[in-house]
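Containing compact mmCIF, N, CA and C atoms: structure_17.txt.
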# COMPACT_ATOMS: atom_id res chain seq x y z
N MET A 68 12.51 -8.52 -6.37
CA MET A 68 11.67 -7.41 -6.76
C MET A 68 11.43 -7.47 -8.26
N ARG A 69 10.20 -7.22 -8.66
CA ARG A 69 9.86 -7.32 -10.07
C ARG A 69 10.14 -6.00 -10.79
N SER A 70 10.55 -6.12 -12.04
CA SER A 70 10.83 -4.93 -12.84
C SER A 70 9.52 -4.27 -13.26
N GLU A 71 9.62 -3.05 -13.78
CA GLU A 71 8.41 -2.35 -14.26
C GLU A 71 7.74 -3.13 -15.38
N PHE A 72 8.56 -3.74 -16.24
CA PHE A 72 8.02 -4.53 -17.34
C PHE A 72 7.22 -5.72 -16.81
N GLU A 73 7.78 -6.43 -15.82
CA GLU A 73 7.09 -7.59 -15.24
C GLU A 73 5.78 -7.18 -14.59
N VAL A 74 5.77 -6.06 -13.90
CA VAL A 74 4.56 -5.57 -13.26
C VAL A 74 3.52 -5.22 -14.32
N ALA A 75 3.95 -4.52 -15.37
CA ALA A 75 3.02 -4.14 -16.46
C ALA A 75 2.47 -5.37 -17.16
N LEU A 76 3.33 -6.34 -17.42
CA LEU A 76 2.88 -7.58 -18.07
C LEU A 76 1.89 -8.33 -17.19
N ALA A 77 2.20 -8.44 -15.92
CA ALA A 77 1.31 -9.14 -14.98
C ALA A 77 -0.04 -8.45 -14.90
N SER A 78 -0.06 -7.13 -14.94
CA SER A 78 -1.34 -6.41 -14.86
C SER A 78 -2.20 -6.66 -16.09
N ARG A 79 -1.58 -6.98 -17.20
CA ARG A 79 -2.35 -7.29 -18.43
C ARG A 79 -2.73 -8.78 -18.50
N VAL A 80 -1.87 -9.63 -17.97
CA VAL A 80 -2.10 -11.08 -18.06
C VAL A 80 -3.09 -11.56 -16.99
N GLU A 81 -3.04 -10.99 -15.81
CA GLU A 81 -3.88 -11.46 -14.70
C GLU A 81 -5.38 -11.44 -15.05
N PRO A 82 -5.92 -10.35 -15.63
CA PRO A 82 -7.34 -10.38 -15.99
C PRO A 82 -7.68 -11.50 -16.98
N LEU A 83 -6.76 -11.82 -17.88
CA LEU A 83 -6.99 -12.92 -18.81
C LEU A 83 -7.04 -14.26 -18.08
N LYS A 84 -6.16 -14.42 -17.09
CA LYS A 84 -6.17 -15.64 -16.29
C LYS A 84 -7.50 -15.78 -15.54
N VAL A 85 -7.99 -14.66 -15.01
CA VAL A 85 -9.25 -14.69 -14.27
C VAL A 85 -10.40 -15.08 -15.20
N ARG A 86 -10.45 -14.48 -16.38
CA ARG A 86 -11.51 -14.84 -17.36
C ARG A 86 -11.42 -16.32 -17.72
N PHE A 87 -10.20 -16.79 -17.95
CA PHE A 87 -10.00 -18.19 -18.29
C PHE A 87 -10.46 -19.09 -17.15
N ALA A 88 -10.14 -18.71 -15.92
CA ALA A 88 -10.56 -19.50 -14.76
C ALA A 88 -12.07 -19.60 -14.69
N HIS A 89 -12.76 -18.49 -14.93
CA HIS A 89 -14.22 -18.51 -14.89
C HIS A 89 -14.81 -19.42 -15.96
N ILE A 90 -14.22 -19.41 -17.14
CA ILE A 90 -14.70 -20.29 -18.23
C ILE A 90 -14.47 -21.75 -17.85
N VAL A 91 -13.27 -22.05 -17.34
CA VAL A 91 -12.96 -23.43 -16.94
C VAL A 91 -13.91 -23.88 -15.84
N TRP A 92 -14.20 -22.98 -14.86
CA TRP A 92 -15.08 -23.33 -13.75
C TRP A 92 -16.50 -23.58 -14.22
N MET A 93 -16.94 -22.87 -15.25
CA MET A 93 -18.30 -23.11 -15.78
C MET A 93 -18.35 -24.47 -16.46
N LEU A 94 -17.29 -24.80 -17.19
CA LEU A 94 -17.26 -26.08 -17.91
C LEU A 94 -16.97 -27.26 -16.98
N PHE A 95 -16.13 -27.05 -15.99
CA PHE A 95 -15.70 -28.10 -15.07
C PHE A 95 -15.81 -27.59 -13.63
N PRO A 96 -16.99 -27.68 -13.01
CA PRO A 96 -17.19 -27.14 -11.66
C PRO A 96 -16.21 -27.68 -10.62
N SER A 97 -15.73 -28.89 -10.81
CA SER A 97 -14.78 -29.45 -9.82
C SER A 97 -13.48 -28.66 -9.80
N LYS A 98 -13.14 -28.00 -10.89
CA LYS A 98 -11.92 -27.20 -10.93
C LYS A 98 -12.03 -26.00 -9.98
N LYS A 99 -13.23 -25.45 -9.86
CA LYS A 99 -13.44 -24.34 -8.92
C LYS A 99 -13.21 -24.84 -7.50
N LEU A 100 -13.72 -26.02 -7.20
CA LEU A 100 -13.52 -26.58 -5.87
C LEU A 100 -12.04 -26.88 -5.62
N ASP A 101 -11.33 -27.29 -6.66
CA ASP A 101 -9.88 -27.50 -6.52
C ASP A 101 -9.17 -26.19 -6.21
N ALA A 102 -9.61 -25.11 -6.83
CA ALA A 102 -9.01 -23.79 -6.57
C ALA A 102 -9.28 -23.35 -5.14
N VAL A 103 -10.50 -23.56 -4.67
CA VAL A 103 -10.84 -23.20 -3.28
C VAL A 103 -10.02 -24.06 -2.33
N HIS A 104 -9.87 -25.32 -2.65
CA HIS A 104 -9.06 -26.22 -1.82
C HIS A 104 -7.61 -25.74 -1.80
N SER A 105 -7.13 -25.23 -2.91
CA SER A 105 -5.78 -24.71 -2.98
C SER A 105 -5.61 -23.49 -2.06
N PHE A 106 -6.63 -22.63 -2.03
CA PHE A 106 -6.59 -21.51 -1.09
C PHE A 106 -6.54 -22.02 0.35
N ALA A 107 -7.31 -23.05 0.64
CA ALA A 107 -7.31 -23.64 1.99
C ALA A 107 -5.93 -24.18 2.34
N THR A 108 -5.31 -24.85 1.40
CA THR A 108 -3.98 -25.41 1.63
C THR A 108 -2.96 -24.31 1.90
N THR A 109 -3.06 -23.21 1.17
CA THR A 109 -2.15 -22.08 1.38
C THR A 109 -2.32 -21.52 2.78
N GLU A 110 -3.56 -21.34 3.21
CA GLU A 110 -3.83 -20.81 4.55
C GLU A 110 -3.32 -21.79 5.62
N TYR A 111 -3.56 -23.06 5.42
CA TYR A 111 -3.11 -24.07 6.38
C TYR A 111 -1.59 -24.08 6.48
N THR A 112 -0.91 -24.01 5.33
CA THR A 112 0.55 -24.04 5.31
C THR A 112 1.13 -22.86 6.08
N THR A 113 0.55 -21.67 5.89
CA THR A 113 1.01 -20.50 6.63
C THR A 113 0.80 -20.70 8.12
N ALA A 114 -0.35 -21.24 8.51
CA ALA A 114 -0.62 -21.49 9.93
C ALA A 114 0.39 -22.49 10.49
N TRP A 115 0.71 -23.50 9.74
CA TRP A 115 1.68 -24.51 10.16
C TRP A 115 3.03 -23.87 10.45
N HIS A 116 3.47 -22.98 9.55
CA HIS A 116 4.75 -22.29 9.75
C HIS A 116 4.70 -21.38 10.97
N LEU A 117 3.58 -20.70 11.15
CA LEU A 117 3.44 -19.81 12.31
C LEU A 117 3.48 -20.61 13.62
N LEU A 118 2.88 -21.79 13.60
CA LEU A 118 2.89 -22.64 14.80
C LEU A 118 4.33 -22.98 15.21
N TYR A 119 5.15 -23.35 14.26
CA TYR A 119 6.53 -23.68 14.57
C TYR A 119 7.34 -22.45 14.95
N ALA A 120 6.96 -21.31 14.40
CA ALA A 120 7.67 -20.07 14.73
C ALA A 120 7.43 -19.65 16.18
N LEU A 121 6.30 -20.05 16.75
CA LEU A 121 6.02 -19.69 18.15
C LEU A 121 7.13 -20.17 19.09
N ASN A 122 7.72 -21.30 18.78
CA ASN A 122 8.79 -21.85 19.62
C ASN A 122 10.07 -21.01 19.57
N VAL A 123 10.23 -20.24 18.53
CA VAL A 123 11.45 -19.47 18.33
C VAL A 123 11.40 -18.13 19.06
N LEU A 124 10.22 -17.55 19.14
CA LEU A 124 10.08 -16.22 19.73
C LEU A 124 10.20 -16.26 21.24
N SER A 125 10.78 -15.21 21.80
CA SER A 125 10.92 -15.16 23.26
C SER A 125 10.01 -14.12 23.89
N LYS A 126 9.70 -13.04 23.19
CA LYS A 126 8.88 -11.98 23.78
C LYS A 126 7.40 -12.37 23.74
N PRO A 127 6.72 -12.28 24.88
CA PRO A 127 5.31 -12.66 24.94
C PRO A 127 4.42 -11.87 23.97
N GLU A 128 4.70 -10.58 23.77
CA GLU A 128 3.86 -9.79 22.85
C GLU A 128 4.02 -10.26 21.40
N HIS A 129 5.22 -10.72 21.05
CA HIS A 129 5.43 -11.26 19.70
C HIS A 129 4.69 -12.60 19.55
N LYS A 130 4.79 -13.42 20.60
CA LYS A 130 4.08 -14.70 20.58
C LYS A 130 2.57 -14.50 20.48
N ARG A 131 2.06 -13.52 21.22
CA ARG A 131 0.63 -13.23 21.21
C ARG A 131 0.18 -12.80 19.80
N PHE A 132 0.96 -11.92 19.18
CA PHE A 132 0.65 -11.46 17.83
C PHE A 132 0.65 -12.64 16.86
N LEU A 133 1.70 -13.46 16.93
CA LEU A 133 1.82 -14.60 16.03
C LEU A 133 0.70 -15.60 16.25
N PHE A 134 0.33 -15.79 17.51
CA PHE A 134 -0.76 -16.73 17.81
C PHE A 134 -2.08 -16.25 17.19
N HIS A 135 -2.36 -14.97 17.28
CA HIS A 135 -3.59 -14.44 16.67
C HIS A 135 -3.57 -14.64 15.15
N GLN A 136 -2.41 -14.42 14.55
CA GLN A 136 -2.28 -14.66 13.11
C GLN A 136 -2.51 -16.13 12.78
N LEU A 137 -1.94 -17.00 13.60
CA LEU A 137 -2.07 -18.44 13.40
C LEU A 137 -3.55 -18.86 13.45
N VAL A 138 -4.27 -18.37 14.44
CA VAL A 138 -5.69 -18.72 14.57
C VAL A 138 -6.48 -18.21 13.37
N GLU A 139 -6.15 -17.02 12.91
CA GLU A 139 -6.83 -16.47 11.73
C GLU A 139 -6.57 -17.32 10.49
N GLU A 140 -5.32 -17.75 10.31
CA GLU A 140 -4.98 -18.58 9.15
C GLU A 140 -5.72 -19.92 9.21
N TYR A 141 -5.75 -20.55 10.39
CA TYR A 141 -6.48 -21.81 10.54
C TYR A 141 -7.97 -21.61 10.25
N HIS A 142 -8.51 -20.51 10.72
CA HIS A 142 -9.93 -20.21 10.48
C HIS A 142 -10.20 -20.09 8.98
N HIS A 143 -9.35 -19.36 8.27
CA HIS A 143 -9.53 -19.22 6.83
C HIS A 143 -9.41 -20.58 6.13
N ALA A 144 -8.42 -21.35 6.55
CA ALA A 144 -8.23 -22.68 5.95
C ALA A 144 -9.48 -23.53 6.16
N ASP A 145 -10.02 -23.48 7.37
CA ASP A 145 -11.21 -24.26 7.69
C ASP A 145 -12.41 -23.82 6.84
N LEU A 146 -12.59 -22.51 6.68
CA LEU A 146 -13.71 -22.01 5.87
C LEU A 146 -13.60 -22.48 4.42
N PHE A 147 -12.41 -22.32 3.84
CA PHE A 147 -12.21 -22.73 2.45
C PHE A 147 -12.39 -24.24 2.30
N LEU A 148 -11.81 -25.00 3.23
CA LEU A 148 -11.88 -26.46 3.13
C LEU A 148 -13.32 -26.96 3.28
N ARG A 149 -14.05 -26.39 4.24
CA ARG A 149 -15.45 -26.81 4.41
C ARG A 149 -16.28 -26.50 3.17
N TYR A 150 -16.06 -25.32 2.57
CA TYR A 150 -16.79 -24.97 1.36
C TYR A 150 -16.47 -25.95 0.24
N ALA A 151 -15.19 -26.21 0.03
CA ALA A 151 -14.79 -27.11 -1.05
C ALA A 151 -15.33 -28.51 -0.83
N ASN A 152 -15.24 -29.01 0.40
CA ASN A 152 -15.65 -30.40 0.67
C ASN A 152 -17.15 -30.58 0.77
N GLN A 153 -17.90 -29.56 1.14
CA GLN A 153 -19.36 -29.72 1.21
C GLN A 153 -19.97 -29.79 -0.18
N ASN A 154 -19.23 -29.37 -1.18
CA ASN A 154 -19.75 -29.37 -2.54
C ASN A 154 -19.14 -30.46 -3.42
N ARG A 155 -18.49 -31.43 -2.82
CA ARG A 155 -17.97 -32.56 -3.60
C ARG A 155 -18.37 -33.87 -2.95
N ARG A 156 -18.38 -34.89 -3.76
CA ARG A 156 -18.79 -36.20 -3.25
C ARG A 156 -17.71 -36.85 -2.40
N ILE A 157 -16.46 -36.64 -2.77
CA ILE A 157 -15.34 -37.24 -2.05
C ILE A 157 -14.57 -36.12 -1.38
N VAL A 158 -14.37 -36.24 -0.07
CA VAL A 158 -13.66 -35.22 0.69
C VAL A 158 -12.18 -35.29 0.34
N LYS A 159 -11.61 -34.15 0.03
CA LYS A 159 -10.19 -34.06 -0.33
C LYS A 159 -9.43 -33.46 0.85
N PRO A 160 -8.59 -34.25 1.54
CA PRO A 160 -7.87 -33.73 2.71
C PRO A 160 -6.63 -32.93 2.28
N PHE A 161 -5.99 -32.30 3.27
CA PHE A 161 -4.71 -31.64 3.01
C PHE A 161 -3.64 -32.69 2.84
N ASP A 162 -2.63 -32.38 2.04
CA ASP A 162 -1.48 -33.25 1.89
C ASP A 162 -0.40 -32.75 2.86
N HIS A 163 -0.37 -33.34 4.06
CA HIS A 163 0.58 -32.89 5.08
C HIS A 163 2.02 -33.30 4.76
N GLY A 164 2.20 -34.26 3.89
CA GLY A 164 3.54 -34.77 3.62
C GLY A 164 4.46 -33.79 2.91
N LYS A 165 3.92 -32.77 2.29
CA LYS A 165 4.74 -31.84 1.51
C LYS A 165 5.27 -30.67 2.33
N LEU A 166 4.87 -30.55 3.58
CA LEU A 166 5.27 -29.41 4.39
C LEU A 166 6.72 -29.54 4.87
N LYS A 167 7.48 -28.48 4.69
CA LYS A 167 8.82 -28.42 5.26
C LYS A 167 9.09 -26.98 5.65
N ARG A 168 9.87 -26.81 6.68
CA ARG A 168 10.12 -25.47 7.21
C ARG A 168 10.88 -24.62 6.21
N LEU A 169 10.51 -23.35 6.13
CA LEU A 169 11.11 -22.42 5.18
C LEU A 169 12.24 -21.60 5.77
N TYR A 170 12.50 -21.76 7.05
CA TYR A 170 13.44 -20.90 7.73
C TYR A 170 14.12 -21.67 8.86
N ASP A 171 15.28 -21.19 9.25
CA ASP A 171 15.94 -21.69 10.45
C ASP A 171 15.49 -20.81 11.61
N SER A 172 15.74 -21.25 12.82
CA SER A 172 15.24 -20.52 13.98
C SER A 172 15.80 -19.10 14.08
N ASP A 173 16.98 -18.84 13.52
CA ASP A 173 17.52 -17.48 13.57
C ASP A 173 17.09 -16.65 12.36
N GLU A 174 16.25 -17.19 11.49
CA GLU A 174 15.80 -16.49 10.29
C GLU A 174 14.28 -16.34 10.25
N ILE A 175 13.68 -16.08 11.40
CA ILE A 175 12.22 -16.00 11.46
C ILE A 175 11.68 -14.85 10.60
N TRP A 176 12.50 -13.85 10.35
CA TRP A 176 12.07 -12.74 9.51
C TRP A 176 11.66 -13.23 8.12
N LYS A 177 12.30 -14.31 7.64
CA LYS A 177 11.93 -14.87 6.33
C LYS A 177 10.48 -15.37 6.34
N LEU A 178 10.08 -15.96 7.45
CA LEU A 178 8.70 -16.42 7.57
C LEU A 178 7.73 -15.25 7.52
N ILE A 179 8.05 -14.18 8.23
CA ILE A 179 7.17 -13.02 8.27
C ILE A 179 7.03 -12.42 6.87
N VAL A 180 8.13 -12.30 6.15
CA VAL A 180 8.09 -11.77 4.78
C VAL A 180 7.29 -12.71 3.88
N PHE A 181 7.56 -14.00 4.00
CA PHE A 181 6.83 -15.00 3.21
C PHE A 181 5.33 -14.92 3.45
N ALA A 182 4.94 -14.87 4.72
CA ALA A 182 3.52 -14.84 5.08
C ALA A 182 2.86 -13.54 4.61
N HIS A 183 3.54 -12.42 4.80
CA HIS A 183 2.97 -11.14 4.39
C HIS A 183 2.79 -11.06 2.88
N ASN A 184 3.84 -11.40 2.14
CA ASN A 184 3.75 -11.34 0.68
C ASN A 184 2.75 -12.35 0.13
N GLY A 185 2.76 -13.55 0.69
CA GLY A 185 1.81 -14.57 0.25
C GLY A 185 0.38 -14.17 0.53
N GLU A 186 0.14 -13.60 1.69
CA GLU A 186 -1.21 -13.16 2.06
C GLU A 186 -1.69 -12.05 1.13
N SER A 187 -0.82 -11.10 0.84
CA SER A 187 -1.19 -9.99 -0.05
C SER A 187 -1.55 -10.52 -1.44
N ARG A 188 -0.72 -11.41 -1.98
CA ARG A 188 -1.01 -11.97 -3.31
C ARG A 188 -2.26 -12.81 -3.31
N ALA A 189 -2.47 -13.58 -2.24
CA ALA A 189 -3.65 -14.44 -2.17
C ALA A 189 -4.92 -13.60 -2.10
N VAL A 190 -4.93 -12.55 -1.32
CA VAL A 190 -6.10 -11.69 -1.21
C VAL A 190 -6.40 -11.03 -2.55
N GLU A 191 -5.34 -10.55 -3.20
CA GLU A 191 -5.49 -9.91 -4.52
C GLU A 191 -6.11 -10.88 -5.53
N ARG A 192 -5.55 -12.07 -5.58
CA ARG A 192 -6.02 -13.06 -6.55
C ARG A 192 -7.43 -13.55 -6.21
N PHE A 193 -7.69 -13.79 -4.93
CA PHE A 193 -9.01 -14.27 -4.53
C PHE A 193 -10.07 -13.22 -4.85
N ASN A 194 -9.79 -11.97 -4.56
CA ASN A 194 -10.75 -10.90 -4.87
C ASN A 194 -11.01 -10.79 -6.36
N ALA A 195 -10.01 -11.04 -7.17
CA ALA A 195 -10.19 -10.99 -8.62
C ALA A 195 -11.05 -12.16 -9.09
N LEU A 196 -10.96 -13.29 -8.41
CA LEU A 196 -11.66 -14.48 -8.87
C LEU A 196 -13.12 -14.52 -8.44
N VAL A 197 -13.47 -13.88 -7.33
CA VAL A 197 -14.85 -13.96 -6.85
C VAL A 197 -15.67 -12.76 -7.22
Conversion result in structure tokens:
Amino acid sequence: MRSEFEVALASRVEPLKVRFAHIVWMLFPSKKLDAVHSFATTEYTTAWHLLYALNVLSKPEHKRFLFHQLVEEYHHADLFLRYANQNRRIVKPFDHGKLKRLYDSDEIWKLIVFAHNGESRAVERFNALV
């Protein structure tokens, strides 16, 4: 959990990061595509974790919920990746080699917390950037 100071500092620093990103993107358009690709990678990674989590769950309603989340994450990853790759000369694929599980089968709650917090931060940052 972040302290009040960290939250206050982040609220002042984040707008500066966004302005800086826009300047960099104007000067170097490929950097914008790299950022979009990074969003795609984040979405894909979450979907990958959700896919493996399906094997751990036993209740069909939990599996159904997780499956819908998984499909949504893959869809977002696909949208971001298609946008990034349609605007570059060389297609940049995902780096599948860096993926490793974040939880053991009895710690699936860690995945849910990771996905929820990551999604919230990603939406916040993406909305600030566009």
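Taking atom CA of Phe181 of chain A and atom N of Glu140 of chain A as the two end points, the separation is 14.3 Å.
Residue nearest Asp145 of chain A within the list A:Ala102, A:Ala182, A:Ala107, A:Ile90: A:Ala107 [criterion: smallest interatomic distance, only C-alpha atoms].
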Please provide as a PyMOL selection string all residues within 12 Å of Leu146 of chain A, with the sequence filter that same-chain residues fewer than 4 positions apart are discarded (counting only C-alpha atoms). chain A and resi 103-104+106-108+110-111+139-142+150-153
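Pairwise distance (atom CA of Leu137 of chain A, atom CA of Ala114 of chain A) equals 4.8 Å.
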Skipping near chain neighbours, those fewer than 5 positions away, what residues fall within 8 Å of Val138 of chain A using all atoms listed in the file, listed as a ChimeraX atom specification? /A:114,118,132-133,143-144
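If you look at atom CA of Glu186 of chain A and atom C of Met93 of chain A, they are 27.7 Å away from each other.
You can rank A:Arg131, A:Arg79, A:Val180, A:Arg168 by their closest distance to Trp115 of chain A using all atoms listed in the file, and at the top of that list sits A:Arg168.
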Output segment 114-135 of chain A with N, CA, C and O atoms present, as a PDB file, keeping the file's coordinate frame.
ATOM      1  N   ALA A 114      -0.350 -21.240   8.510  1.00  0.00           N
ATOM      2  CA  ALA A 114      -0.620 -21.490   9.930  1.00  0.00           C
ATOM      3  C   ALA A 114       0.390 -22.490  10.490  1.00  0.00           C
ATOM      4  O   ALA A 114       0.874 -22.328  11.620  1.00  0.00           O
ATOM      5  N   TRP A 115       0.710 -23.500   9.740  1.00  0.00           N
ATOM      6  CA  TRP A 115       1.680 -24.510  10.160  1.00  0.00           C
ATOM      7  C   TRP A 115       3.030 -23.870  10.450  1.00  0.00           C
ATOM      8  O   TRP A 115       3.673 -24.133  11.469  1.00  0.00           O
ATOM      9  N   HIS A 116       3.470 -22.980   9.550  1.00  0.00           N
ATOM     10  CA  HIS A 116       4.750 -22.290   9.750  1.00  0.00           C
ATOM     11  C   HIS A 116       4.700 -21.380  10.970  1.00  0.00           C
ATOM     12  O   HIS A 116       5.660 -21.300  11.739  1.00  0.00           O
ATOM     13  N   LEU A 117       3.580 -20.700  11.150  1.00  0.00           N
ATOM     14  CA  LEU A 117       3.440 -19.810  12.310  1.00  0.00           C
ATOM     15  C   LEU A 117       3.480 -20.610  13.620  1.00  0.00           C
ATOM     16  O   LEU A 117       4.054 -20.156  14.617  1.00  0.00           O
ATOM     17  N   LEU A 118       2.880 -21.790  13.600  1.00  0.00           N
ATOM     18  CA  LEU A 118       2.890 -22.640  14.800  1.00  0.00           C
ATOM     19  C   LEU A 118       4.330 -22.980  15.210  1.00  0.00           C
ATOM     20  O   LEU A 118       4.694 -22.880  16.376  1.00  0.00           O
ATOM     21  N   TYR A 119       5.150 -23.350  14.260  1.00  0.00           N
ATOM     22  CA  TYR A 119       6.530 -23.680  14.570  1.00  0.00           C
ATOM     23  C   TYR A 119       7.340 -22.450  14.950  1.00  0.00           C
ATOM     24  O   TYR A 119       8.276 -22.527  15.731  1.00  0.00           O
ATOM     25  N   ALA A 120       6.960 -21.310  14.400  1.00  0.00           N
ATOM     26  CA  ALA A 120       7.670 -20.070  14.730  1.00  0.00           C
ATOM     27  C   ALA A 120       7.430 -19.650  16.180  1.00  0.00           C
ATOM     28  O   ALA A 120       8.277 -18.965  16.768  1.00  0.00           O
ATOM     29  N   LEU A 121       6.300 -20.050  16.750  1.00  0.00           N
ATOM     30  CA  LEU A 121       6.020 -19.690  18.150  1.00  0.00           C
ATOM     31  C   LEU A 121       7.130 -20.170  19.090  1.00  0.00           C
ATOM     32  O   LEU A 121       7.429 -19.519  20.086  1.00  0.00           O
ATOM     33  N   ASN A 122       7.720 -21.300  18.780  1.00  0.00           N
ATOM     34  CA  ASN A 122       8.790 -21.850  19.620  1.00  0.00           C
ATOM     35  C   ASN A 122      10.070 -21.010  19.570  1.00  0.00           C
ATOM     36  O   ASN A 122      10.896 -21.105  20.470  1.00  0.00           O
ATOM     37  N   VAL A 123      10.230 -20.240  18.530  1.00  0.00           N
ATOM     38  CA  VAL A 123      11.450 -19.470  18.330  1.00  0.00           C
ATOM     39  C   VAL A 123      11.400 -18.130  19.060  1.00  0.00           C
ATOM     40  O   VAL A 123      12.405 -17.640  19.550  1.00  0.00           O
ATOM     41  N   LEU A 124      10.220 -17.550  19.140  1.00  0.00           N
ATOM     42  CA  LEU A 124      10.080 -16.220  19.730  1.00  0.00           C
ATOM     43  C   LEU A 124      10.200 -16.260  21.240  1.00  0.00           C
ATOM     44  O   LEU A 124       9.761 -17.214  21.881  1.00  0.00           O
ATOM     45  N   SER A 125      10.780 -15.210  21.800  1.00  0.00           N
ATOM     46  CA  SER A 125      10.920 -15.160  23.260  1.00  0.00           C
ATOM     47  C   SER A 125      10.010 -14.120  23.890  1.00  0.00           C
ATOM     48  O   SER A 125       9.569 -14.289  25.022  1.00  0.00           O
ATOM     49  N   LYS A 126       9.700 -13.040  23.190  1.00  0.00           N
ATOM     50  CA  LYS A 126       8.880 -11.980  23.780  1.00  0.00           C
ATOM     51  C   LYS A 126       7.400 -12.370  23.740  1.00  0.00           C
ATOM     52  O   LYS A 126       6.880 -12.723  22.689  1.00  0.00           O
ATOM     53  N   PRO A 127       6.720 -12.280  24.880  1.00  0.00           N
ATOM     54  CA  PRO A 127       5.310 -12.660  24.940  1.00  0.00           C
ATOM     55  C   PRO A 127       4.420 -11.870  23.970  1.00  0.00           C
ATOM     56  O   PRO A 127       3.504 -12.441  23.379  1.00  0.00           O
ATOM     57  N   GLU A 128       4.700 -10.580  23.770  1.00  0.00           N
ATOM     58  CA  GLU A 128       3.860  -9.790  22.850  1.00  0.00           C
ATOM     59  C   GLU A 128       4.020 -10.260  21.400  1.00  0.00           C
ATOM     60  O   GLU A 128       3.065 -10.242  20.632  1.00  0.00           O
ATOM     61  N   HIS A 129       5.220 -10.720  21.050  1.00  0.00           N
ATOM     62  CA  HIS A 129       5.430 -11.260  19.700  1.00  0.00           C
ATOM     63  C   HIS A 129       4.690 -12.600  19.550  1.00  0.00           C
ATOM     64  O   HIS A 129       4.080 -12.868  18.525  1.00  0.00           O
ATOM     65  N   LYS A 130       4.790 -13.420  20.600  1.00  0.00           N
ATOM     66  CA  LYS A 130       4.080 -14.700  20.580  1.00  0.00           C
ATOM     67  C   LYS A 130       2.570 -14.500  20.480  1.00  0.00           C
ATOM     68  O   LYS A 130       1.884 -15.212  19.760  1.00  0.00           O
ATOM     69  N   ARG A 131       2.060 -13.520  21.220  1.00  0.00           N
ATOM     70  CA  ARG A 131       0.630 -13.230  21.210  1.00  0.00           C
ATOM     71  C   ARG A 131       0.180 -12.800  19.800  1.00  0.00           C
ATOM     72  O   ARG A 131      -0.813 -13.286  19.289  1.00  0.00           O
ATOM     73  N   PHE A 132       0.960 -11.920  19.180  1.00  0.00           N
ATOM     74  CA  PHE A 132       0.650 -11.460  17.830  1.00  0.00           C
ATOM     75  C   PHE A 132       0.650 -12.640  16.860  1.00  0.00           C
ATOM     76  O   PHE A 132      -0.275 -12.805  16.054  1.00  0.00           O
ATOM     77  N   LEU A 133       1.700 -13.460  16.930  1.00  0.00           N
ATOM     78  CA  LEU A 133       1.820 -14.600  16.030  1.00  0.00           C
ATOM     79  C   LEU A 133       0.700 -15.600  16.250  1.00  0.00           C
ATOM     80  O   LEU A 133       0.159 -16.170  15.300  1.00  0.00           O
ATOM     81  N   PHE A 134       0.330 -15.790  17.510  1.00  0.00           N
ATOM     82  CA  PHE A 134      -0.760 -16.730  17.810  1.00  0.00           C
ATOM     83  C   PHE A 134      -2.080 -16.250  17.190  1.00  0.00           C
ATOM     84  O   PHE A 134      -2.822 -17.050  16.614  1.00  0.00           O
ATOM     85  N   HIS A 135      -2.360 -14.970  17.280  1.00  0.00           N
ATOM     86  CA  HIS A 135      -3.590 -14.440  16.670  1.00  0.00           C
ATOM     87  C   HIS A 135      -3.570 -14.640  15.150  1.00  0.00           C
ATOM     88  O   HIS A 135      -4.584 -14.996  14.551  1.00  0.00           O
TER      89      HIS A 135
END
